[in-house]
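Undergrad: One file: upload_18.cif (mmCIF, C-alpha atoms).
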data_entry
#
loop_
_atom_site.label_atom_id
_atom_site.label_comp_id
_atom_site.auth_asym_id
_atom_site.auth_seq_id
_atom_site.Cartn_x
_atom_site.Cartn_y
_atom_site.Cartn_z
CA MET A 1 111.74 91.28 136.69
CA ASN A 2 110.58 94.09 134.40
CA LEU A 3 114.21 94.87 133.59
CA PHE A 4 115.19 91.23 133.04
CA GLU A 5 115.55 91.79 129.27
CA GLY A 6 117.15 95.21 129.65
CA ILE A 7 115.78 98.74 129.52
CA PRO A 8 113.19 98.98 126.70
CA LEU A 9 113.99 101.64 124.11
CA ILE A 10 110.53 103.13 123.55
CA PRO A 11 110.01 104.44 127.12
CA VAL A 12 113.53 105.88 127.05
CA LEU A 13 112.85 107.75 123.81
CA ILE A 14 109.47 108.95 125.04
CA GLY A 15 110.92 110.15 128.32
CA LEU A 16 114.12 111.80 127.10
CA PHE A 17 112.52 113.62 124.19
CA ALA A 18 108.73 113.92 124.51
CA ILE A 19 108.18 114.14 128.28
CA SER A 20 111.28 116.28 128.87
CA GLU A 21 110.05 118.68 126.15
CA VAL A 22 106.64 118.78 127.84
CA LEU A 23 108.29 119.65 131.16
CA MET A 24 110.40 122.37 129.52
CA THR A 25 107.29 123.80 127.85
CA MET A 26 105.33 123.71 131.11
CA GLU A 27 108.14 125.66 132.75
CA GLU A 28 108.03 128.25 129.96
CA ILE A 29 104.25 128.55 130.33
CA GLY A 30 104.62 129.06 134.07
CA GLU A 31 107.23 131.76 133.54
CA GLY A 32 105.19 133.39 130.79
CA SER A 33 108.09 133.13 128.33
CA VAL A 34 106.25 131.12 125.66
CA THR A 35 106.46 132.69 122.22
CA TYR A 36 104.32 131.84 119.19
CA GLN A 37 105.47 132.05 115.61
CA LYS A 38 103.37 132.08 112.49
CA ILE A 39 104.12 129.13 110.24
CA SER A 40 103.30 129.52 106.57
CA GLY A 41 103.50 125.82 105.74
CA ALA A 42 105.34 126.72 102.55
CA LEU A 43 107.83 124.30 101.08
CA PRO A 44 111.55 125.11 101.16
CA THR A 45 112.81 127.02 98.16
CA ILE A 46 115.19 125.54 95.59
CA LYS A 47 118.00 127.56 97.16
CA GLU A 48 117.21 126.09 100.60
CA TYR A 49 117.13 122.57 99.15
CA LEU A 50 120.50 123.08 97.50
CA SER A 51 121.98 124.43 100.74
CA THR A 52 121.28 121.09 102.43
CA HIS A 53 122.71 118.80 99.73
CA MET A 54 125.88 118.03 101.70
CA ALA A 55 123.86 117.37 104.86
CA MET A 56 121.63 114.94 102.97
CA LEU A 57 124.65 113.27 101.37
CA ARG A 58 126.43 112.81 104.71
CA GLY A 59 123.23 111.58 106.34
CA THR A 60 122.61 109.10 103.53
CA VAL A 61 126.12 107.64 103.74
CA ILE A 62 125.96 107.38 107.55
CA GLY A 63 122.49 105.85 107.47
CA PHE A 64 123.40 103.28 104.84
CA LEU A 65 126.58 102.20 106.63
CA ILE A 66 124.82 101.91 109.99
CA GLY A 67 121.95 100.07 108.32
CA ILE A 68 124.43 97.39 107.26
CA VAL A 69 125.36 96.80 110.92
CA PRO A 70 122.83 94.29 112.33
CA GLY A 71 120.78 95.66 115.20
CA ALA A 72 121.91 99.29 115.04
CA GLY A 73 118.73 100.64 113.48
CA LYS A 74 117.25 104.03 112.67
CA ALA A 75 117.66 105.61 116.08
CA VAL A 76 121.42 105.16 116.07
CA ALA A 77 121.71 106.40 112.48
CA SER A 78 119.60 109.51 113.11
CA PHE A 79 121.47 110.56 116.24
CA ILE A 80 124.90 109.96 114.76
CA ALA A 81 123.97 111.82 111.56
CA TYR A 82 122.66 114.75 113.61
CA SER A 83 125.76 114.84 115.79
CA GLU A 84 128.12 114.61 112.81
CA GLU A 85 126.25 117.33 110.95
CA LYS A 86 126.38 119.58 113.99
CA ARG A 87 130.10 118.90 114.31
CA ALA A 88 130.70 119.67 110.62
CA SER A 89 128.53 122.80 110.60
CA LYS A 90 129.99 126.30 110.63
CA HIS A 91 127.15 127.41 112.90
CA PRO A 92 126.48 124.55 115.38
CA GLU A 93 124.79 126.94 117.81
CA LEU A 94 121.76 127.04 115.50
CA PHE A 95 121.13 123.31 115.81
CA GLY A 96 118.01 122.70 117.85
CA THR A 97 116.25 125.76 116.43
CA GLY A 98 114.88 124.07 113.30
CA ILE A 99 117.87 124.71 111.03
CA LEU A 100 117.44 122.85 107.74
CA GLU A 101 120.71 120.90 107.98
CA GLY A 102 119.66 119.58 111.40
CA VAL A 103 116.49 118.18 109.87
CA ALA A 104 117.89 116.99 106.53
CA ALA A 105 120.82 114.94 107.87
CA PRO A 106 118.98 112.68 110.37
CA GLU A 107 116.00 112.25 108.03
CA ALA A 108 118.29 111.21 105.18
CA ALA A 109 120.04 108.78 107.54
CA ASN A 110 116.71 107.47 108.78
CA ASN A 111 115.61 106.67 105.22
CA ALA A 112 118.98 105.22 104.16
CA VAL A 113 118.94 102.69 107.01
CA VAL A 114 116.14 100.79 105.28
CA SER A 115 118.19 100.06 102.17
CA GLY A 116 121.31 99.39 104.24
CA ALA A 117 119.47 96.79 106.31
CA LEU A 118 118.76 94.81 103.15
CA VAL A 119 122.48 94.20 102.60
CA PRO A 120 123.03 91.71 105.47
CA LEU A 121 119.50 90.38 104.97
CA LEU A 122 119.86 89.44 101.33
CA ALA A 123 123.59 88.67 101.32
CA LEU A 124 123.95 86.75 104.59
CA GLY A 125 120.43 86.09 105.86
CA ILE A 126 121.07 88.29 108.92
CA PRO A 127 118.31 90.79 109.79
CA GLY A 128 119.64 94.33 110.12
CA SER A 129 116.43 95.71 111.64
CA ALA A 130 113.04 94.70 113.02
CA ALA A 131 111.47 95.11 109.58
CA ALA A 132 114.20 92.94 108.07
CA ALA A 133 113.48 90.28 110.69
CA ILE A 134 109.83 90.29 109.61
CA LEU A 135 110.98 89.91 105.99
CA ILE A 136 113.05 86.86 106.96
CA GLY A 137 109.94 85.39 108.55
CA ALA A 138 108.01 86.03 105.36
CA PHE A 139 110.79 84.41 103.30
CA THR A 140 110.73 81.36 105.58
CA ILE A 141 106.97 81.01 105.24
CA GLN A 142 107.38 80.99 101.46
CA GLY A 143 110.21 78.47 101.65
CA LEU A 144 112.92 80.95 100.64
CA GLN A 145 116.39 81.05 102.17
CA PRO A 146 117.98 84.53 102.27
CA GLY A 147 121.59 84.50 101.12
CA PRO A 148 123.72 84.78 97.99
CA LEU A 149 121.76 82.06 96.17
CA LEU A 150 118.58 84.10 96.52
CA PHE A 151 119.90 86.44 93.79
CA VAL A 152 120.28 83.44 91.49
CA LYS A 153 117.11 81.52 92.32
CA GLU A 154 114.69 84.43 92.88
CA PRO A 155 116.02 87.48 90.99
CA ASP A 156 112.48 88.81 90.44
CA LEU A 157 111.87 88.90 94.18
CA VAL A 158 115.18 90.62 94.97
CA TYR A 159 114.82 93.32 92.36
CA GLY A 160 111.16 93.67 93.28
CA LEU A 161 112.33 94.66 96.76
CA PHE A 162 114.66 97.26 95.25
CA ALA A 163 111.81 98.64 93.14
CA SER A 164 109.52 98.80 96.18
CA LEU A 165 112.05 101.05 97.94
CA LEU A 166 111.89 103.48 95.02
CA VAL A 167 108.08 103.43 94.93
CA GLY A 168 107.92 103.85 98.71
CA ASN A 169 110.06 106.98 98.58
CA ILE A 170 107.85 108.46 95.87
CA VAL A 171 104.73 107.77 97.95
CA MET A 172 106.34 109.34 101.04
CA LEU A 173 107.27 112.42 98.99
CA ALA A 174 103.71 112.75 97.68
CA MET A 175 102.24 112.46 101.19
CA GLY A 176 104.69 115.05 102.50
CA LEU A 177 103.96 117.52 99.72
CA MET A 178 100.20 117.17 100.04
CA GLY A 179 100.17 117.42 103.82
CA THR A 180 102.78 120.12 104.45
CA GLN A 181 100.32 122.90 105.24
CA LEU A 182 98.26 120.59 107.45
CA TRP A 183 101.28 119.34 109.43
CA ALA A 184 102.49 122.91 109.92
CA LYS A 185 99.24 123.96 111.58
CA VAL A 186 100.04 121.83 114.62
CA VAL A 187 102.56 124.39 115.88
CA THR A 188 99.92 127.14 115.80
CA VAL A 189 97.92 125.41 118.57
CA PRO A 190 98.41 127.23 121.90
CA LYS A 191 100.96 125.36 123.99
CA ASN A 192 98.78 125.33 127.10
CA ILE A 193 96.33 123.22 125.06
CA LEU A 194 98.82 121.20 123.04
CA THR A 195 101.10 120.26 125.96
CA PRO A 196 98.60 118.18 128.02
CA ILE A 197 97.41 116.46 124.83
CA VAL A 198 100.97 115.49 123.93
CA LEU A 199 101.65 114.32 127.49
CA ALA A 200 98.54 112.12 127.49
CA MET A 201 99.44 110.64 124.09
CA VAL A 202 103.05 109.81 125.02
CA ILE A 203 102.02 108.23 128.33
CA PHE A 204 99.51 106.10 126.44
CA ALA A 205 102.25 105.16 123.95
CA ALA A 206 104.55 104.16 126.81
CA TYR A 207 101.81 101.92 128.26
CA ALA A 208 100.92 100.43 124.87
CA GLU A 209 104.56 99.41 124.32
CA SER A 210 104.14 96.46 126.71
CA ASN A 211 100.70 96.91 128.32
CA ASN A 212 102.53 97.40 131.60
CA LEU A 213 102.43 100.38 133.96
CA PHE A 214 106.11 99.86 134.64
CA THR A 215 106.97 101.31 131.23
CA VAL A 216 104.93 104.42 132.08
CA TRP A 217 106.92 104.99 135.27
CA LEU A 218 110.12 104.30 133.34
CA ALA A 219 109.17 106.91 130.73
CA LEU A 220 108.38 109.45 133.47
CA LEU A 221 111.73 108.71 135.16
CA PHE A 222 113.65 109.28 131.94
CA GLY A 223 111.50 112.34 131.31
CA ILE A 224 112.78 113.87 134.55
CA ILE A 225 116.34 112.82 133.68
CA GLY A 226 115.97 114.34 130.22
CA TYR A 227 114.54 117.55 131.69
CA ILE A 228 117.50 117.92 134.06
CA MET A 229 120.00 117.19 131.29
CA ARG A 230 118.43 119.71 128.92
CA LYS A 231 118.13 122.25 131.70
CA TYR A 232 121.89 122.12 132.22
CA ASP A 233 122.77 121.74 128.51
CA PHE A 234 123.77 118.08 128.53
CA PRO A 235 123.01 116.27 125.23
CA VAL A 236 120.44 113.48 125.57
CA ALA A 237 121.36 111.65 122.34
CA PRO A 238 124.32 109.77 123.93
CA VAL A 239 121.95 108.27 126.51
CA VAL A 240 119.78 106.88 123.73
CA LEU A 241 122.82 105.51 121.92
CA ALA A 242 123.94 103.86 125.17
CA VAL A 243 120.58 102.15 125.60
CA VAL A 244 120.46 101.03 121.97
CA LEU A 245 124.06 99.83 121.74
CA GLY A 246 124.54 98.71 125.35
CA GLU A 247 123.11 95.22 124.85
CA MET A 248 125.13 94.74 121.66
CA ILE A 249 128.32 95.85 123.41
CA GLU A 250 127.70 93.60 126.40
CA THR A 251 126.87 90.57 124.24
CA SER A 252 129.93 91.08 122.02
CA PHE A 253 132.16 91.61 125.06
CA ARG A 254 131.01 88.34 126.65
CA ARG A 255 131.41 86.49 123.34
CA ALA A 256 134.96 87.82 122.93
CA LEU A 257 135.90 86.72 126.45
CA ILE A 258 134.47 83.26 125.83
CA ILE A 259 136.56 82.95 122.67
CA SER A 260 139.72 84.11 124.47
CA ASP A 261 139.10 82.02 127.64
CA GLY A 262 138.65 85.20 129.68
CA SER A 263 141.75 87.02 128.44
CA LEU A 264 141.35 90.75 127.72
CA ALA A 265 144.37 90.58 125.40
CA ILE A 266 142.04 89.59 122.55
CA PHE A 267 141.05 93.25 122.18
CA ILE A 268 144.59 94.35 121.37
CA SER A 269 146.16 91.21 119.91
CA ARG A 270 143.96 91.10 116.82
CA PRO A 271 144.85 93.65 114.09
CA ILE A 272 141.29 94.69 113.22
CA ALA A 273 140.30 95.14 116.87
CA SER A 274 143.49 97.07 117.59
CA ILE A 275 142.94 99.39 114.62
CA ILE A 276 139.33 100.08 115.63
CA LEU A 277 140.35 100.79 119.24
CA LEU A 278 143.15 103.07 118.03
CA ILE A 279 140.76 105.01 115.79
CA SER A 280 138.32 105.33 118.70
CA VAL A 281 141.03 106.65 121.04
CA ILE A 282 142.23 109.14 118.41
CA SER A 283 138.68 110.31 117.73
CA ILE A 284 137.86 110.81 121.41
CA GLY A 285 141.25 112.43 122.05
CA TYR A 286 140.76 114.83 119.15
CA GLN A 287 137.33 115.89 120.41
CA PHE A 288 138.75 116.36 123.92
CA PHE A 289 141.66 118.40 122.57
CA ARG A 290 139.36 120.53 120.44
CA GLY A 291 137.09 121.15 123.41
CA MET A 292 140.01 122.17 125.61
CA LYS A 293 141.37 124.45 122.89
CA LYS A 294 137.95 126.03 122.40
CA ALA A 295 137.55 126.55 126.17
CA GLY A 296 140.97 128.20 126.35
CA ARG A 297 140.08 130.89 123.84
#
Take the structure from the file and write it as structure tokens.
TA:
Amino acid sequence: MNLFEGIPLIPVLIGLFAISEVLMTMEEIGEGSVTYQKISGALPTIKEYLSTHMAMLRGTVIGFLIGIVPGAGKAVASFIAYSEEKRASKHPELFGTGILEGVAAPEAANNAVVSGALVPLLALGIPGSAAAAILIGAFTIQGLQPGPLLFVKEPDLVYGLFASLLVGNIVMLAMGLMGTQLWAKVVTVPKNILTPIVLAMVIFAAYAESNNLFTVWLALLFGIIGYIMRKYDFPVAPVVLAVVLGEMIETSFRRALIISDGSLAIFISRPIASIILLISVISIGYQFFRGMKKAGR
């Protein structure tokens, strides 16, 4: 019954990333291979900022486009932006070590999703994210109908939303600049002290997600799965994408079959669907070919 509405995302994220990292750190502590680095807390230099401009640009474009897709959300945008940046990088082996491009791309995508989600919200009245759904509720309470006419009837409200995005980014920048040195001090805490604190916090977060112990066990299960995957160098991001997009894929698949009276030909008989499937096959085939060519060197 706990899985009646599908696998909840929060326990999956907590398990695959937080708990698996805790398990990896505990293993390092047990083996005595934990290393500590001094963090200055200094801001990146102008040269470092400029070196990430393409990563931020790619992340912004990816985040905005994914934000337009209803239901995709920040998690999908961040993981895709990270994967694409790693694929485009000349030194992908450095990703996962704190390389600036690996931070800039997903963060830019994460921020761009917010503005992208406003496109279907304001143009069609379709929420592109949870926050957009709350906005639709607020519009309804005020007697407003999201859609093209909203730009005509309530231009002050629409452009007020655009202005709030700009102000919000400025506030986030100010908070980041003022707190950089404080945030950086977290990594100076000994890991044998920090690790149990993090584990306790993430377990509490998993429980708070639904006030149900089942989500705690689910997070621990995915934590073990994530630990095994990371131990043997399997990427965990595709699992998260599968959980996020799985329900959308299943719902769309059922809807397509209902429209076609159960015929699978609908996926290849329509031009747009055929083109998308062809692009997908080419993309996967290219990655497979590149991997085989790289392995043969």
Undergrad: What's the 12 Å shell around Ala200 (chain A), counting only C-alpha atoms, without same-chain residues fewer than 6 positions away, as a ChimeraX atom specification?
TA: /A:14,18-19,22,193-194,206-207,216,220
Undergrad: Just how far from CA of Val244 (chain A) is CA of Ile7 (chain A), in Å to one decimal?
TA: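 Between CA of Ile7 (chain A) and CA of Val244 (chain A) the gap works out to 9.2 Å.
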Undergrad: Which residue is closest to Glu28 (chain A)? Choose from A:Ala256, A:Leu241, A:Asn192, A:Ile272 and count all atoms listed in the file.
TA: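 For Glu28 (chain A), the nearest of the candidates is A:Asn192.
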Undergrad: Evaluate the PyMOL selection byres ((chain A and resi 86-102) around 8) against this structure - the residues, as a PyMOL selection string, please.
TA: chain A and resi 48+52+55-56+82-85+103-106
Undergrad: What gap, in Å, lies between CA of Ile136 (chain A) and CA of Leu124 (chain A)?
TA: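 Between CA of Ile136 (chain A) and CA of Leu124 (chain A) the gap works out to 11.2 Å.
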Undergrad: So which residues get picked by the PyMOL selection byres ((chain A and resi 232-235) around 12) here, written as a ChimeraX atom specification?
TA: /A:16-17,24,79,82-83,95-96,225-231,236-241
Undergrad: Enter the distance from CA of Ala273 (chain A) to CA of Glu5 (chain A), in Å, rounded to one decimal.
TA: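 Atom-to-atom, CA of Ala273 (chain A) and CA of Glu5 (chain A) are spaced 27.9 Å apart.
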Undergrad: Choose the residue, out of A:Met1, A:Leu135, A:Ile80, A:Leu121, that has the smallest atom-to-atom separation from Ala109 (chain A); count only C-alpha atoms.
TA: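 Ranking A:Met1, A:Leu135, A:Ile80, A:Leu121 by distance to Ala109 (chain A), first place goes to A:Ile80.
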Undergrad: I would like the residues chosen by the PyMOL selection byres ((chain A and resi 112) around 10) on the shown file; could you give them as a list in words?
TA: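 Expected selection for the PyMOL selection byres ((chain A and resi 112) around 10) here is Gly59, Thr60, Val61, Ile62, Gly63, Phe64, Leu65, Ile66, Gly67, Lys74, Ala77, Ser78, Pro106, Glu107, Ala108, Ala109, Asn110, Asn111, Val113, Val114, Ser115, Gly116 and Ala117 of chain A.
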Undergrad: Any chance you could export the current selection's C-alpha atoms as a compact mmCIF listing (two decimals), in the coordinates of the input?
TA:
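And here is the file that came out, part_5.txt:
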# COMPACT_ATOMS: atom_id res chain seq x y z
CA GLY A 59 123.23 111.58 106.34
CA THR A 60 122.61 109.10 103.53
CA VAL A 61 126.12 107.64 103.74
CA ILE A 62 125.96 107.38 107.55
CA GLY A 63 122.49 105.85 107.47
CA PHE A 64 123.40 103.28 104.84
CA LEU A 65 126.58 102.20 106.63
CA ILE A 66 124.82 101.91 109.99
CA GLY A 67 121.95 100.07 108.32
CA LYS A 74 117.25 104.03 112.67
CA ALA A 77 121.71 106.40 112.48
CA SER A 78 119.60 109.51 113.11
CA PRO A 106 118.98 112.68 110.37
CA GLU A 107 116.00 112.25 108.03
CA ALA A 108 118.29 111.21 105.18
CA ALA A 109 120.04 108.78 107.54
CA ASN A 110 116.71 107.47 108.78
CA ASN A 111 115.61 106.67 105.22
CA VAL A 113 118.94 102.69 107.01
CA VAL A 114 116.14 100.79 105.28
CA SER A 115 118.19 100.06 102.17
CA GLY A 116 121.31 99.39 104.24
CA ALA A 117 119.47 96.79 106.31
Undergrad: The centre and edge lengths of an axis-aligned box containing all atoms of region 119-122 of chain A present in the file, extended by 6 Å on each side, are to be given in Å to one decimal, as lines of an AutoDock Vina configuration file.
TA:
center_x = 121.3
center_y = 91.8
center_z = 103.4
size_x = 15.5
size_y = 16.8
size_z = 16.1
